[in-house]
file structure18.cif (mmCIF, C-alpha atoms)
data_run
#
loop_
_atom_site.label_atom_id
_atom_site.label_comp_id
_atom_site.auth_asym_id
_atom_site.auth_seq_id
_atom_site.Cartn_x
_atom_site.Cartn_y
_atom_site.Cartn_z
CA MET A 1 4.62 43.47 -71.38
CA THR A 2 7.04 46.31 -71.68
CA THR A 3 8.72 49.20 -69.92
CA ILE A 4 8.53 52.88 -70.90
CA ILE A 5 10.30 55.72 -69.10
CA GLY A 6 9.99 59.48 -69.45
CA VAL A 7 12.72 61.78 -68.13
CA ARG A 8 12.75 65.60 -68.11
CA LYS A 9 16.06 67.29 -67.32
CA GLY A 10 17.26 70.68 -68.43
CA ASN A 11 15.56 71.61 -71.69
CA ASP A 12 15.11 68.00 -72.83
CA VAL A 13 12.48 65.35 -72.37
CA VAL A 14 13.31 61.79 -73.35
CA ILE A 15 10.93 58.88 -73.68
CA ALA A 16 12.54 55.46 -74.01
CA GLY A 17 10.96 52.05 -74.36
CA ASP A 18 12.14 48.50 -74.74
CA GLY A 19 11.27 46.26 -77.67
CA GLN A 20 9.90 43.15 -76.00
CA VAL A 21 6.46 41.84 -76.88
CA SER A 22 5.39 38.95 -74.67
CA VAL A 23 2.33 36.75 -74.77
CA GLY A 24 2.08 35.06 -71.42
CA GLN A 25 5.54 33.76 -70.67
CA THR A 26 6.65 33.64 -74.31
CA VAL A 27 8.69 36.37 -75.99
CA MET A 28 7.02 36.89 -79.37
CA LYS A 29 9.22 39.75 -80.59
CA GLY A 30 12.22 41.59 -79.23
CA THR A 31 12.44 44.59 -81.55
CA ALA A 32 9.06 46.34 -81.36
CA HIS A 33 8.94 50.15 -81.40
CA LYS A 34 6.70 51.43 -78.61
CA VAL A 35 7.92 55.01 -78.65
CA ARG A 36 6.71 57.32 -81.40
CA ARG A 37 6.92 60.90 -82.57
CA LEU A 38 3.65 62.52 -83.63
CA SER A 39 3.46 65.85 -85.47
CA PRO A 40 -0.21 66.86 -85.61
CA GLY A 41 -0.51 70.37 -86.98
CA GLY A 42 3.29 70.67 -87.11
CA ASN A 43 3.67 70.47 -83.32
CA ASP A 44 5.94 67.62 -82.27
CA VAL A 45 4.86 65.31 -79.46
CA ILE A 46 6.65 62.16 -78.35
CA CYS A 47 4.80 59.29 -76.76
CA GLY A 48 5.41 55.81 -75.46
CA PHE A 49 2.88 53.12 -74.68
CA ALA A 50 2.59 50.01 -72.54
CA GLY A 51 -0.14 47.42 -72.68
CA SER A 52 -2.03 45.99 -75.62
CA THR A 53 -0.50 47.23 -78.88
CA ALA A 54 -3.80 47.45 -80.73
CA ASP A 55 -5.34 49.36 -77.83
CA ALA A 56 -2.36 51.71 -77.66
CA PHE A 57 -2.57 52.48 -81.40
CA THR A 58 -6.27 53.28 -80.98
CA LEU A 59 -5.38 55.70 -78.18
CA LEU A 60 -2.52 57.25 -80.17
CA GLU A 61 -4.90 57.92 -83.07
CA ARG A 62 -7.38 59.52 -80.67
CA LEU A 63 -4.63 61.61 -79.09
CA GLU A 64 -3.49 62.76 -82.51
CA LYS A 65 -7.06 63.91 -83.32
CA LYS A 66 -7.28 65.75 -79.99
CA LEU A 67 -3.95 67.46 -80.71
CA GLU A 68 -5.14 68.49 -84.19
CA ALA A 69 -8.24 70.03 -82.59
CA THR A 70 -6.17 71.84 -79.92
CA PRO A 71 -2.79 72.63 -81.57
CA GLY A 72 0.05 73.20 -79.13
CA GLN A 73 -2.10 72.32 -76.10
CA LEU A 74 -0.91 68.91 -74.94
CA ALA A 75 -2.45 69.27 -71.48
CA ARG A 76 -5.89 70.01 -72.89
CA ALA A 77 -5.66 67.23 -75.50
CA SER A 78 -4.53 64.77 -72.81
CA VAL A 79 -7.40 65.67 -70.48
CA GLU A 80 -9.89 65.35 -73.35
CA LEU A 81 -8.49 61.93 -74.26
CA ALA A 82 -8.60 60.75 -70.64
CA LYS A 83 -12.18 61.99 -70.31
CA ASP A 84 -13.25 60.12 -73.45
CA TRP A 85 -11.32 57.03 -72.36
CA ARG A 86 -13.10 56.97 -69.01
CA THR A 87 -16.61 57.63 -70.30
CA ASP A 88 -16.79 55.92 -73.72
CA LYS A 89 -17.99 52.29 -73.42
CA TYR A 90 -15.69 51.14 -76.25
CA LEU A 91 -12.60 52.97 -74.99
CA GLN A 92 -13.16 51.77 -71.39
CA LYS A 93 -12.18 48.28 -72.49
CA LEU A 94 -8.78 49.40 -73.80
CA GLU A 95 -5.81 48.16 -71.80
CA ALA A 96 -2.86 50.48 -72.27
CA MET A 97 -1.13 53.49 -70.73
CA LEU A 98 0.65 56.38 -72.40
CA ILE A 99 3.53 58.69 -71.54
CA VAL A 100 3.42 61.87 -73.66
CA SER A 101 5.48 65.05 -73.91
CA ASP A 102 5.73 68.14 -76.06
CA GLY A 103 9.06 69.18 -74.50
CA LYS A 104 7.37 71.37 -71.88
CA ASP A 105 4.84 69.04 -70.30
CA LEU A 106 5.31 65.38 -69.41
CA PHE A 107 2.20 63.31 -68.64
CA VAL A 108 1.05 59.78 -67.97
CA ILE A 109 -2.45 59.15 -69.33
CA THR A 110 -4.46 56.23 -67.95
CA GLY A 111 -7.79 54.59 -68.63
CA ALA A 112 -8.94 55.54 -65.15
CA GLY A 113 -9.22 59.14 -66.39
CA ASP A 114 -5.89 60.24 -64.94
CA VAL A 115 -3.52 62.73 -66.51
CA LEU A 116 -0.55 62.66 -64.17
CA GLU A 117 2.51 64.91 -64.19
CA PRO A 118 5.48 63.38 -62.37
CA GLU A 119 6.70 65.15 -59.25
CA HIS A 120 10.36 64.38 -59.80
CA ASP A 121 10.59 64.74 -63.61
CA VAL A 122 10.73 60.96 -64.05
CA THR A 123 7.83 58.64 -64.78
CA ALA A 124 7.55 55.07 -65.98
CA ILE A 125 4.87 52.57 -66.97
CA GLY A 126 4.66 48.91 -67.85
CA SER A 127 5.81 45.69 -66.24
CA GLY A 128 9.27 47.05 -65.44
CA GLY A 129 8.04 50.57 -64.79
CA ASN A 130 8.71 50.60 -61.06
CA TYR A 131 12.28 49.41 -61.59
CA ALA A 132 12.93 52.03 -64.27
CA LEU A 133 11.27 54.72 -62.15
CA ALA A 134 13.40 53.92 -59.10
CA ALA A 135 16.59 53.83 -61.16
CA GLY A 136 15.72 57.04 -63.00
CA ARG A 137 14.95 58.92 -59.79
CA ALA A 138 18.21 57.72 -58.24
CA LEU A 139 20.16 58.99 -61.26
CA MET A 140 18.50 62.44 -61.44
CA ASP A 141 20.96 64.12 -59.06
CA GLN A 142 23.95 62.90 -61.07
CA ASP A 143 25.64 65.06 -63.70
CA LEU A 144 23.87 63.19 -66.52
CA ASP A 145 21.59 64.35 -69.30
CA ALA A 146 18.01 63.11 -69.73
CA GLU A 147 18.88 60.54 -72.40
CA THR A 148 21.69 58.99 -70.38
CA ILE A 149 19.42 58.74 -67.34
CA ALA A 150 16.65 57.11 -69.40
CA ARG A 151 19.03 54.64 -71.04
CA ARG A 152 20.71 53.64 -67.76
CA ALA A 153 17.37 53.25 -66.00
CA MET A 154 16.13 51.02 -68.82
CA VAL A 155 19.25 48.85 -68.59
CA ILE A 156 18.60 48.38 -64.88
CA ALA A 157 14.92 47.55 -65.49
CA SER A 158 15.85 45.06 -68.23
CA GLU A 159 18.22 43.28 -65.85
CA ILE A 160 15.44 42.85 -63.27
CA CYS A 161 12.18 42.47 -65.20
CA VAL A 162 11.83 39.37 -67.41
CA TYR A 163 9.26 41.23 -69.55
CA THR A 164 11.73 44.00 -70.47
CA ASN A 165 14.69 43.76 -72.86
CA GLY A 166 17.57 46.03 -73.82
CA ASN A 167 16.46 46.85 -77.39
CA LEU A 168 15.57 50.49 -76.88
CA THR A 169 13.72 53.06 -78.93
CA VAL A 170 14.54 56.56 -77.68
CA GLU A 171 12.97 59.88 -78.69
CA THR A 172 14.06 63.30 -77.45
CA ILE A 173 12.21 66.59 -77.61
CA SER A 174 13.42 69.97 -76.37
CA SER A 175 11.51 72.92 -74.98
#
call {"tool": "encode", "arguments": {"input": "structure18.cif", "output": "structure tokens"}}
result
Amino acid sequence: MTTIIGVRKGNDVVIAGDGQVSVGQTVMKGTAHKVRRLSPGGNDVICGFAGSTADAFTLLERLEKKLEATPGQLARASVELAKDWRTDKYLQKLEAMLIVSDGKDLFVITGAGDVLEPEHDVTAIGSGGNYALAAGRALMDQDLDAETIARRAMVIASEICVYTNGNLTVETISS
């Protein structure tokens, strides 16, 4: 279980994720990195994942291939990935979700075939996602930058959700 948040404010998009890996009720690792920077074709994209790690890496590899085939077109690559994920019998069994951004767009990609853009420039996934989302949305009208909002929201989520810790990986990308 984990928590990932994406925040867009000003010219910056930040994706932050905690480091907890749990199996059932046991914490197996506290320092995992579930936020990554991809650079297919020289175009930077940041992404965070929640769910099964092996499944998420499979999806990240597929996303990277889609981005190489459609350089600079995150929306198109995301839709193509979601379409494959929904229709491919192997991919349908994958249990993960992704938050991705190229600095302009911010999307959540799900196995149900959804590519969702947040209405309020904040989105979150994972076991503590609703806590992080609520905290992030509450902080958006403050005089804070995207990274500060993401970090504070993750602290709040980690204090509420037992499957979320405070060991954060944070990536920022600007438009």
call {"tool": "resolve_selection", "arguments": {"input": "structure18.cif", "expression": "the PyMOL selection byres ((chain A and resi 136-141) around 12)", "output": "PyMOL selection string"}}
result
chain A and resi 4-10+14-16+118-124+129-135+142-157
call {"tool": "closest_residue", "arguments": {"input": "structure18.cif", "among": "A:Leu59, A:Ile46, A:Ala112, A:Ala32", "to": "Leu81 of chain A", "atoms": "only C-alpha atoms"}}
result
A:Leu59
call {"tool": "closest_residue", "arguments": {"input": "structure18.cif", "among": "A:Gly19, A:Gly113, A:Gly24, A:Pro71", "to": "Asp44 of chain A", "atoms": "all atoms listed in the file"}}
result
A:Pro71
call {"tool": "atom_distance", "arguments": {"input": "structure18.cif", "atom1": "atom CA of Ala82 of chain A", "atom2": "atom CA of Thr2 of chain A"}}
result
21.3 Å
call {"tool": "atom_distance", "arguments": {"input": "structure18.cif", "atom1": "atom CA of Asn167 of chain A", "atom2": "atom CA of Met97 of chain A"}}
result
19.9 Å
call {"tool": "residues_around", "arguments": {"input": "structure18.cif", "residues": "Val79 of chain A", "least_positions_apart": "5", "cutoff": "10 Å", "atoms": "all atoms listed in the file", "output": "number ranges by chain"}}
result
A: 63, 66, 74, 84-85, 109, 113-116
call {"tool": "residues_near_point", "arguments": {"input": "structure18.cif", "point": "(14.4, 54.7, -82.2)", "cutoff": "8 Å", "atoms": "all atoms listed in the file", "output": "PyMOL selection string"}}
result
chain A and resi 33+35+168-171
call {"tool": "closest_residue", "arguments": {"input": "structure18.cif", "among": "A:Ala50, A:Ala56, A:Gly42, A:Phe107", "to": "Ser78 of chain A", "atoms": "all atoms listed in the file"}}
result
A:Phe107
call {"tool": "closest_residue", "arguments": {"input": "structure18.cif", "among": "A:Thr58, A:Thr26, A:Ser101, A:Ser52", "to": "Leu38 of chain A", "atoms": "all atoms listed in the file"}}
result
A:Ser101
call {"tool": "atom_distance", "arguments": {"input": "structure18.cif", "atom1": "atom CA of Leu106 of chain A", "atom2": "atom CA of Asp88 of chain A"}}
result
24.4 Å
call {"tool": "resolve_selection", "arguments": {"input": "structure18.cif", "expression": "the PyMOL selection byres ((chain A and resi 23) around 12)", "output": "PyMOL selection string"}}
result
chain A and resi 1-2+20-22+24-30+51-53+163
call {"tool": "closest_residue", "arguments": {"input": "structure18.cif", "among": "A:Asp12, A:Arg76, A:Leu91, A:Thr3", "to": "Val162 of chain A", "atoms": "all atoms listed in the file"}}
result
A:Thr3
call {"tool": "closest_residue", "arguments": {"input": "structure18.cif", "among": "A:Gly103, A:Glu68, A:Gly111, A:Asn11", "to": "Arg86 of chain A", "atoms": "all atoms listed in the file"}}
result
A:Gly111
call {"tool": "decode", "arguments": {"input": "structure18.cif", "residues": "segment 65-97 of chain A", "atoms": "N, CA, C and O atoms", "output": "PDB file, in the first residue's frame"}}
result
ATOM      1  N   LYS A  65       7.255   3.130 -23.824  1.00  0.00           N
ATOM      2  CA  LYS A  65       7.176   2.761 -25.250  1.00  0.00           C
ATOM      3  C   LYS A  65       6.160   3.617 -25.985  1.00  0.00           C
ATOM      4  O   LYS A  65       6.396   4.047 -27.116  1.00  0.00           O
ATOM      5  N   LYS A  66       5.031   3.879 -25.343  1.00  0.00           N
ATOM      6  CA  LYS A  66       3.999   4.734 -25.953  1.00  0.00           C
ATOM      7  C   LYS A  66       4.539   6.153 -26.136  1.00  0.00           C
ATOM      8  O   LYS A  66       4.273   6.798 -27.152  1.00  0.00           O
ATOM      9  N   LEU A  67       5.288   6.638 -25.158  1.00  0.00           N
ATOM     10  CA  LEU A  67       5.860   7.987 -25.255  1.00  0.00           C
ATOM     11  C   LEU A  67       6.933   8.062 -26.339  1.00  0.00           C
ATOM     12  O   LEU A  67       7.075   9.094 -27.003  1.00  0.00           O
ATOM     13  N   GLU A  68       7.701   6.983 -26.513  1.00  0.00           N
ATOM     14  CA  GLU A  68       8.703   6.957 -27.588  1.00  0.00           C
ATOM     15  C   GLU A  68       8.021   6.984 -28.956  1.00  0.00           C
ATOM     16  O   GLU A  68       8.521   7.589 -29.897  1.00  0.00           O
ATOM     17  N   ALA A  69       6.861   6.338 -29.054  1.00  0.00           N
ATOM     18  CA  ALA A  69       6.124   6.300 -30.317  1.00  0.00           C
ATOM     19  C   ALA A  69       5.395   7.613 -30.600  1.00  0.00           C
ATOM     20  O   ALA A  69       5.117   7.933 -31.765  1.00  0.00           O
ATOM     21  N   THR A  70       5.084   8.375 -29.547  1.00  0.00           N
ATOM     22  CA  THR A  70       4.372   9.654 -29.699  1.00  0.00           C
ATOM     23  C   THR A  70       5.093  10.725 -28.883  1.00  0.00           C
ATOM     24  O   THR A  70       4.571  11.211 -27.883  1.00  0.00           O
ATOM     25  N   PRO A  71       6.312  11.126 -29.303  1.00  0.00           N
ATOM     26  CA  PRO A  71       7.112  12.064 -28.504  1.00  0.00           C
ATOM     27  C   PRO A  71       6.378  13.370 -28.205  1.00  0.00           C
ATOM     28  O   PRO A  71       5.762  13.962 -29.088  1.00  0.00           O
ATOM     29  N   GLY A  72       6.443  13.773 -26.933  1.00  0.00           N
ATOM     30  CA  GLY A  72       5.847  15.045 -26.536  1.00  0.00           C
ATOM     31  C   GLY A  72       4.336  15.029 -26.466  1.00  0.00           C
ATOM     32  O   GLY A  72       3.722  16.079 -26.317  1.00  0.00           O
ATOM     33  N   GLN A  73       3.712  13.863 -26.557  1.00  0.00           N
ATOM     34  CA  GLN A  73       2.248  13.772 -26.547  1.00  0.00           C
ATOM     35  C   GLN A  73       1.791  12.874 -25.401  1.00  0.00           C
ATOM     36  O   GLN A  73       1.341  11.749 -25.613  1.00  0.00           O
ATOM     37  N   LEU A  74       1.896  13.368 -24.191  1.00  0.00           N
ATOM     38  CA  LEU A  74       1.553  12.580 -23.016  1.00  0.00           C
ATOM     39  C   LEU A  74       0.091  12.148 -23.035  1.00  0.00           C
ATOM     40  O   LEU A  74      -0.215  11.006 -22.685  1.00  0.00           O
ATOM     41  N   ALA A  75      -0.804  13.034 -23.431  1.00  0.00           N
ATOM     42  CA  ALA A  75      -2.227  12.681 -23.448  1.00  0.00           C
ATOM     43  C   ALA A  75      -2.475  11.497 -24.380  1.00  0.00           C
ATOM     44  O   ALA A  75      -3.153  10.536 -24.004  1.00  0.00           O
ATOM     45  N   ARG A  76      -1.918  11.547 -25.558  1.00  0.00           N
ATOM     46  CA  ARG A  76      -2.113  10.458 -26.517  1.00  0.00           C
ATOM     47  C   ARG A  76      -1.497   9.154 -26.006  1.00  0.00           C
ATOM     48  O   ARG A  76      -2.112   8.092 -26.085  1.00  0.00           O
ATOM     49  N   ALA A  77      -0.281   9.226 -25.477  1.00  0.00           N
ATOM     50  CA  ALA A  77       0.381   8.036 -24.947  1.00  0.00           C
ATOM     51  C   ALA A  77      -0.418   7.448 -23.778  1.00  0.00           C
ATOM     52  O   ALA A  77      -0.545   6.229 -23.666  1.00  0.00           O
ATOM     53  N   SER A  78      -0.967   8.311 -22.936  1.00  0.00           N
ATOM     54  CA  SER A  78      -1.750   7.852 -21.785  1.00  0.00           C
ATOM     55  C   SER A  78      -3.032   7.154 -22.227  1.00  0.00           C
ATOM     56  O   SER A  78      -3.396   6.101 -21.687  1.00  0.00           O
ATOM     57  N   VAL A  79      -3.707   7.722 -23.203  1.00  0.00           N
ATOM     58  CA  VAL A  79      -4.939   7.108 -23.726  1.00  0.00           C
ATOM     59  C   VAL A  79      -4.622   5.762 -24.371  1.00  0.00           C
ATOM     60  O   VAL A  79      -5.341   4.776 -24.172  1.00  0.00           O
ATOM     61  N   GLU A  80      -3.532   5.704 -25.126  1.00  0.00           N
ATOM     62  CA  GLU A  80      -3.141   4.435 -25.761  1.00  0.00           C
ATOM     63  C   GLU A  80      -2.814   3.374 -24.708  1.00  0.00           C
ATOM     64  O   GLU A  80      -3.203   2.212 -24.848  1.00  0.00           O
ATOM     65  N   LEU A  81      -2.123   3.769 -23.647  1.00  0.00           N
ATOM     66  CA  LEU A  81      -1.816   2.829 -22.574  1.00  0.00           C
ATOM     67  C   LEU A  81      -3.097   2.353 -21.901  1.00  0.00           C
ATOM     68  O   LEU A  81      -3.285   1.151 -21.681  1.00  0.00           O
ATOM     69  N   ALA A  82      -3.991   3.274 -21.585  1.00  0.00           N
ATOM     70  CA  ALA A  82      -5.250   2.909 -20.926  1.00  0.00           C
ATOM     71  C   ALA A  82      -6.085   1.977 -21.810  1.00  0.00           C
ATOM     72  O   ALA A  82      -6.697   1.027 -21.315  1.00  0.00           O
ATOM     73  N   LYS A  83      -6.076   2.243 -23.107  1.00  0.00           N
ATOM     74  CA  LYS A  83      -6.816   1.391 -24.037  1.00  0.00           C
ATOM     75  C   LYS A  83      -6.238  -0.025 -24.036  1.00  0.00           C
ATOM     76  O   LYS A  83      -6.978  -1.012 -23.939  1.00  0.00           O
ATOM     77  N   ASP A  84      -4.921  -0.133 -24.131  1.00  0.00           N
ATOM     78  CA  ASP A  84      -4.272  -1.446 -24.093  1.00  0.00           C
ATOM     79  C   ASP A  84      -4.548  -2.142 -22.758  1.00  0.00           C
ATOM     80  O   ASP A  84      -4.836  -3.341 -22.713  1.00  0.00           O
ATOM     81  N   TRP A  85      -4.445  -1.397 -21.676  1.00  0.00           N
ATOM     82  CA  TRP A  85      -4.624  -1.936 -20.338  1.00  0.00           C
ATOM     83  C   TRP A  85      -6.028  -2.529 -20.186  1.00  0.00           C
ATOM     84  O   TRP A  85      -6.225  -3.566 -19.578  1.00  0.00           O
ATOM     85  N   ARG A  86      -7.000  -1.863 -20.768  1.00  0.00           N
ATOM     86  CA  ARG A  86      -8.392  -2.314 -20.644  1.00  0.00           C
ATOM     87  C   ARG A  86      -8.696  -3.507 -21.541  1.00  0.00           C
ATOM     88  O   ARG A  86      -9.503  -4.362 -21.186  1.00  0.00           O
ATOM     89  N   THR A  87      -8.051  -3.588 -22.694  1.00  0.00           N
ATOM     90  CA  THR A  87      -8.424  -4.609 -23.671  1.00  0.00           C
ATOM     91  C   THR A  87      -7.493  -5.820 -23.716  1.00  0.00           C
ATOM     92  O   THR A  87      -7.916  -6.888 -24.147  1.00  0.00           O
ATOM     93  N   ASP A  88      -6.257  -5.690 -23.282  1.00  0.00           N
ATOM     94  CA  ASP A  88      -5.305  -6.797 -23.328  1.00  0.00           C
ATOM     95  C   ASP A  88      -5.540  -7.747 -22.146  1.00  0.00           C
ATOM     96  O   ASP A  88      -5.536  -7.314 -20.999  1.00  0.00           O
ATOM     97  N   LYS A  89      -5.715  -9.030 -22.425  1.00  0.00           N
ATOM     98  CA  LYS A  89      -6.034 -10.003 -21.370  1.00  0.00           C
ATOM     99  C   LYS A  89      -4.946 -10.081 -20.298  1.00  0.00           C
ATOM    100  O   LYS A  89      -5.233 -10.257 -19.121  1.00  0.00           O
ATOM    101  N   TYR A  90      -3.678  -9.948 -20.692  1.00  0.00           N
ATOM    102  CA  TYR A  90      -2.577  -9.966 -19.724  1.00  0.00           C
ATOM    103  C   TYR A  90      -2.593  -8.695 -18.871  1.00  0.00           C
ATOM    104  O   TYR A  90      -2.514  -8.741 -17.648  1.00  0.00           O
ATOM    105  N   LEU A  91      -2.698  -7.544 -19.526  1.00  0.00           N
ATOM    106  CA  LEU A  91      -2.656  -6.273 -18.800  1.00  0.00           C
ATOM    107  C   LEU A  91      -3.861  -6.088 -17.879  1.00  0.00           C
ATOM    108  O   LEU A  91      -3.751  -5.437 -16.838  1.00  0.00           O
ATOM    109  N   GLN A  92      -5.015  -6.670 -18.246  1.00  0.00           N
ATOM    110  CA  GLN A  92      -6.221  -6.519 -17.429  1.00  0.00           C
ATOM    111  C   GLN A  92      -6.019  -7.011 -16.000  1.00  0.00           C
ATOM    112  O   GLN A  92      -6.684  -6.554 -15.089  1.00  0.00           O
ATOM    113  N   LYS A  93      -5.105  -7.932 -15.817  1.00  0.00           N
ATOM    114  CA  LYS A  93      -4.877  -8.510 -14.498  1.00  0.00           C
ATOM    115  C   LYS A  93      -3.955  -7.653 -13.625  1.00  0.00           C
ATOM    116  O   LYS A  93      -3.785  -7.924 -12.444  1.00  0.00           O
ATOM    117  N   LEU A  94      -3.371  -6.615 -14.209  1.00  0.00           N
ATOM    118  CA  LEU A  94      -2.434  -5.773 -13.461  1.00  0.00           C
ATOM    119  C   LEU A  94      -3.180  -4.895 -12.460  1.00  0.00           C
ATOM    120  O   LEU A  94      -4.200  -4.300 -12.787  1.00  0.00           O
ATOM    121  N   GLU A  95      -2.633  -4.834 -11.254  1.00  0.00           N
ATOM    122  CA  GLU A  95      -3.265  -4.061 -10.188  1.00  0.00           C
ATOM    123  C   GLU A  95      -2.364  -2.912  -9.772  1.00  0.00           C
ATOM    124  O   GLU A  95      -1.508  -3.059  -8.895  1.00  0.00           O
ATOM    125  N   ALA A  96      -2.536  -1.782 -10.428  1.00  0.00           N
ATOM    126  CA  ALA A  96      -1.765  -0.585 -10.119  1.00  0.00           C
ATOM    127  C   ALA A  96      -2.498   0.617 -10.706  1.00  0.00           C
ATOM    128  O   ALA A  96      -3.414   0.456 -11.511  1.00  0.00           O
ATOM    129  N   MET A  97      -2.091   1.789 -10.290  1.00  0.00           N
ATOM    130  CA  MET A  97      -2.575   3.047 -10.859  1.00  0.00           C
ATOM    131  C   MET A  97      -1.370   3.953 -11.023  1.00  0.00           C
ATOM    132  O   MET A  97      -0.390   3.823 -10.285  1.00  0.00           O
TER     133      MET A  97
END
